[in-house]
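Trainee: Pasting a structure below so you can have a look.
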Amino acid sequence: MPAVAQERVPSVEIFTTTESYDPIRYEGAFIIAEAWEELGVDVSVRPMEFSTLLDRFYSEQDFDATILGWSGRVDRLDPQFFLGTLDSRQAELGANNPGGYDNPDYDALYDAQGAEFDIDARQQIVQEMQDLYVPDAPVVVLFNRDEVVAYNNTTFENMNAMAGEALYSEWVPMEAQPLGERATLRIGGPQEPDNVNPLASTSVWGWKWMRLYYDRLVRLSPDVEPVPWAASSVDPVDDVTIDVTLREGMTFHDGEPLTAEDIVFTFNYYMDSDYNYFDSYLAAIDSVEQTGDLSVRFNLSEPSAPFATITLSQIPILPQHLWEGIENPGDLTPDEIPTVGSGPFVFDRYDRGEFMSITTNPDHFHADEIAVDAVEFLIYADAEGVFTALQTGQIDMTAWRLEPGQIPLAEENEELTVVSVPDFGYYHMTFNTRREPFDDRAVRRALSMAMDRERMVNVLLDGRGEVGTSIIAPVNAFWHNAFVERFDYDLDAARAELEEAGYSWDDDGRLQR
């Protein structure tokens, strides 16, 4: 019989951030590409400006393999969000599963854990889900990086870090105490929001800012306890019915009263929109009904263990009178976006690429607890610019991690306090499972074995982190499965995986099948 002609595996691109934005992800991409080339894959690395990278990854899903990260916001200590990033129903454009992983068994378990109120039984399901997806390698957790940040201890005190969020949390601006005449808290970071449209933003930079001037029904405390916020009470009637009563006397920043109508409108508006960022939170809602001027009822299609604490703590309350006439909110230009909320801070200005500011809302129910009069966010070109601004007193705190080489310099400065907290977010390499060669499980597994993640942690992070194993981080110990399959760096094992799946190498060393 004539030999069957073999074809080379297609060339692939690795998308990553620019070196100036994040040298860790940038250098990590080249470490991976070097090993993949040795395995016989033709690879190119394509750095991108961050907002462009987000668009290609989420909005367009036009990529081969991408290095990005999920931040460890406090709400994500509950596993619902991170598990949802592999739910096939969240693979639409703009949603949280851009790689398109599709496993019906995983989806069924995702539904089961969300409906399980017995925490030990839910833990077993969550750990089973990790056992199920990891061998398929749709995404590789590169590492969990420690959050190391710093603040100026001569300008503010009571700067309490939160796990996963460090200093740039929603509580620090509400708890910080000025030590001098200036009461404006100045934050510096190397990245600005993708936008400040609550029906379009898909980046942590957008939501970390917007959550300061939008209220939610519940907020999660620094100790990750649900705190009634715009709601005065949240009362489960049964497993699929939740009654919420609002605080009295709340108003939006334009003076209009906040009522139950705004709550019903907000949730229906999100559910009816093409915006998919909150899909995992909203999926359990069947309907929302107004039961009084300040009361609403959520009717769920199925029990949802995280609904009352997680879902209600994430959806920003929108003023119906400003949004109800907007049919396509995702298409708004920056000047058209309503920036009126009801939160403890009021939107002031946004000079793209340079500066953002909000002022304290004196009419907010929490106003008496807030000592700052405003919050400013200064945008710098890179992490070095942020660190220089901190050293020279232009900013009071960093919103972004210090680079490894900056940490000892900050520790030597008596005016700076360095804070380190473990991160339950993660940096990841996501494969587009719709595209060759990443539609082949054996290729994904082999390429996962060709990522020297120990080198990334030891060299790029200077040991301040750990090699990733699962989308549920080890620091989140109750939910983390410590016994999932590990893809240690081993090119011989990678070649064996490929050979067993029918791959070989041509005379030039290129991978073929």
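Here's how to read the names in the structure tokens: chain A, B, ... by the order shown, residue numbers from 1 in each chain, ligand numbers from 1 in the order shown.
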With DSSP run on the backbone, what are the strand (DSSP E) residues within range 24-270 of chain A? I'd like them as a PyMOL selection string.

Mentor: chain A and resi 43-48+65-70+139-145+147-152+156-157+177-178+184-189+218-220+226-228+231-238+241-246

Trainee: Write the residues of the selection above to a file with C-alpha atoms, as a compact mmCIF listing (two decimals), in the first residue's frame.

Mentor:
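Generated file (part_17.txt):
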```txt
# COMPACT_ATOMS: atom_id res chain seq x y z
CA VAL A 43 5.47 29.39 16.50
CA SER A 44 5.44 33.18 16.47
CA VAL A 45 4.81 35.46 19.45
CA ARG A 46 2.60 38.47 18.87
CA PRO A 47 2.55 41.08 21.67
CA MET A 48 -0.48 43.38 21.69
CA ALA A 65 -3.33 30.58 21.91
CA THR A 66 -3.36 33.52 24.30
CA ILE A 67 -1.66 34.35 27.58
CA LEU A 68 -3.89 36.40 29.84
CA GLY A 69 -4.98 36.32 33.45
CA TRP A 70 -8.03 36.23 35.66
CA VAL A 139 -6.46 25.94 29.43
CA VAL A 140 -3.16 25.74 31.28
CA VAL A 141 -2.77 27.66 34.52
CA LEU A 142 0.77 28.96 34.19
CA PHE A 143 1.16 30.19 37.74
CA ASN A 144 -0.52 31.83 40.71
CA ARG A 145 1.40 35.02 41.42
CA GLU A 147 0.06 40.15 44.90
CA VAL A 148 2.91 42.42 46.04
CA VAL A 149 1.98 46.11 46.14
CA ALA A 150 2.97 49.17 48.16
CA TYR A 151 1.61 52.40 49.60
CA ASN A 152 2.97 55.63 51.05
CA PHE A 156 -2.57 57.48 54.36
CA GLU A 157 -3.11 54.79 56.96
CA GLN A 177 -7.48 57.60 56.65
CA PRO A 178 -5.55 60.71 55.49
CA THR A 184 -7.65 62.81 47.94
CA LEU A 185 -6.39 59.24 47.53
CA ARG A 186 -4.16 58.92 44.48
CA ILE A 187 -3.80 55.51 42.84
CA GLY A 188 -1.41 54.66 40.02
CA GLY A 189 -1.55 51.87 37.46
CA VAL A 218 -24.89 43.23 48.47
CA ARG A 219 -21.18 43.87 48.93
CA LEU A 220 -18.63 41.32 50.07
CA PRO A 226 -21.91 39.25 52.38
CA VAL A 227 -22.95 42.67 53.68
CA PRO A 228 -26.41 44.04 52.79
CA ALA A 231 -30.56 45.96 50.17
CA SER A 232 -31.60 46.25 53.78
CA SER A 233 -32.45 42.56 53.80
CA VAL A 234 -32.14 39.47 51.60
CA ASP A 235 -34.59 36.75 52.63
CA PRO A 236 -34.80 33.32 50.99
CA VAL A 237 -38.43 32.20 50.83
CA ASP A 238 -37.47 28.76 49.53
CA THR A 241 -37.41 32.33 45.67
CA ILE A 242 -35.49 35.24 47.21
CA ASP A 243 -37.10 38.43 48.52
CA VAL A 244 -35.04 41.62 48.67
CA THR A 245 -35.98 44.81 50.50
CA LEU A 246 -34.17 48.05 49.62
```

Trainee: Leaving out His364 in chain A and any residue of its chain fewer than 4 positions from it, which residues lie within 12 Å of it when counting only C-alpha atoms, given as a list in words?

Mentor: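 Result of the neighbour search: Met174, Leu212, Tyr213, Tyr214, Asp215, Trp229, Ala230, Arg247, Glu248, Gly249, Met250, Thr251, Phe252, His253, Gly255, Leu258, Gly341, Ser342, Gly343, Pro344, Phe345, Val346, Thr359, Thr360, Asp368, Glu369 and Ile370 of chain A.
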
Trainee: Go through range 5-79 of chain A and flag each residue having an atom no more than 12 Å from range 398-404 of chain A; for those, report the closest pair of atoms plus their distance in Å to one decimal, using only C-alpha atoms, ordered by chain and rising number, as JSON lines.

Mentor:
```
{"residue": "A:Ser20", "atom": "CA", "partner": "A:Glu403", "partner_atom": "CA", "distance": 11.4}
{"residue": "A:Tyr21", "atom": "CA", "partner": "A:Trp400", "partner_atom": "CA", "distance": 10.5}
{"residue": "A:Asp22", "atom": "CA", "partner": "A:Glu403", "partner_atom": "CA", "distance": 8.9}
{"residue": "A:Pro23", "atom": "CA", "partner": "A:Glu403", "partner_atom": "CA", "distance": 8.6}
{"residue": "A:Ile24", "atom": "CA", "partner": "A:Glu403", "partner_atom": "CA", "distance": 8.6}
{"residue": "A:Arg25", "atom": "CA", "partner": "A:Glu403", "partner_atom": "CA", "distance": 11.9}
{"residue": "A:Ser71", "atom": "CA", "partner": "A:Trp400", "partner_atom": "CA", "distance": 11.0}
```

Trainee: Selection from above, C-alpha atoms, as an mmCIF file, in the first residue's frame, can you write it?

Mentor:
```cif
data_model
loop_
_atom_site.group_PDB
_atom_site.id
_atom_site.type_symbol
_atom_site.label_atom_id
_atom_site.label_comp_id
_atom_site.auth_asym_id
_atom_site.auth_seq_id
_atom_site.Cartn_x
_atom_site.Cartn_y
_atom_site.Cartn_z
ATOM 1 C CA SER A 20 6.025 47.504 28.776
ATOM 2 C CA TYR A 21 2.583 46.492 30.062
ATOM 3 C CA ASP A 22 3.616 43.187 31.648
ATOM 4 C CA PRO A 23 7.140 41.837 31.129
ATOM 5 C CA ILE A 24 6.179 38.610 32.907
ATOM 6 C CA ARG A 25 3.558 37.561 30.355
ATOM 7 C CA SER A 71 -7.836 38.481 38.682
#
```

Trainee: Can I get the residues of range 99-146 of chain A within 6 Å of range 286-306 of chain A, each with the closest pair of atoms and their distance in Å to one decimal, using only C-alpha atoms, sorted chain first then ascending number, as CSV?

Mentor:
```
residue,atom,partner,partner_atom,distance
A:Gly114,CA,A:Ser304,CA,5.2
A:Ala115,CA,A:Ser304,CA,4.6
A:Phe117,CA,A:Ala305,CA,5.2
```

Trainee: Set the distance at 8 Å and use only C-alpha atoms: which residues neighbour Asn153 in chain A once local chain neighbours fewer than 4 positions away are removed? I'd like the list as number ranges by chain.

Mentor: A: 157, 415-417

Trainee: From the set A:Ala383, A:Leu498, A:Val264, A:Met356, which residue has the shortest atom-to-atom contact distance to Met210 in chain A, counting only C-alpha atoms?

Mentor: A:Met356

Trainee: Considering only C-alpha atoms, return as a ChimeraX atom specification whatever protein or nucleic-acid residues lie within 12 Å of Leu77 in chain A, sequence-local ones (same chain, fewer than 4 positions apart) excluded.

Mentor: /A:71-73,81-83,162-165,220,222-225,306,309-310,423-425,471-480

Trainee: How many Å separate CA of Thr430 in chain A from CA of Glu19 in chain A?

Mentor: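 Taking CA of Thr430 in chain A as the start and CA of Glu19 in chain A as the end point, the length is 19.3 Å.
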
Trainee: Work out how far CA of Arg434 in chain A is from CA of Ala95 in chain A, in Å to one decimal.

Mentor: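 We find that CA of Ala95 in chain A and CA of Arg434 in chain A lie 15.4 Å from each other.
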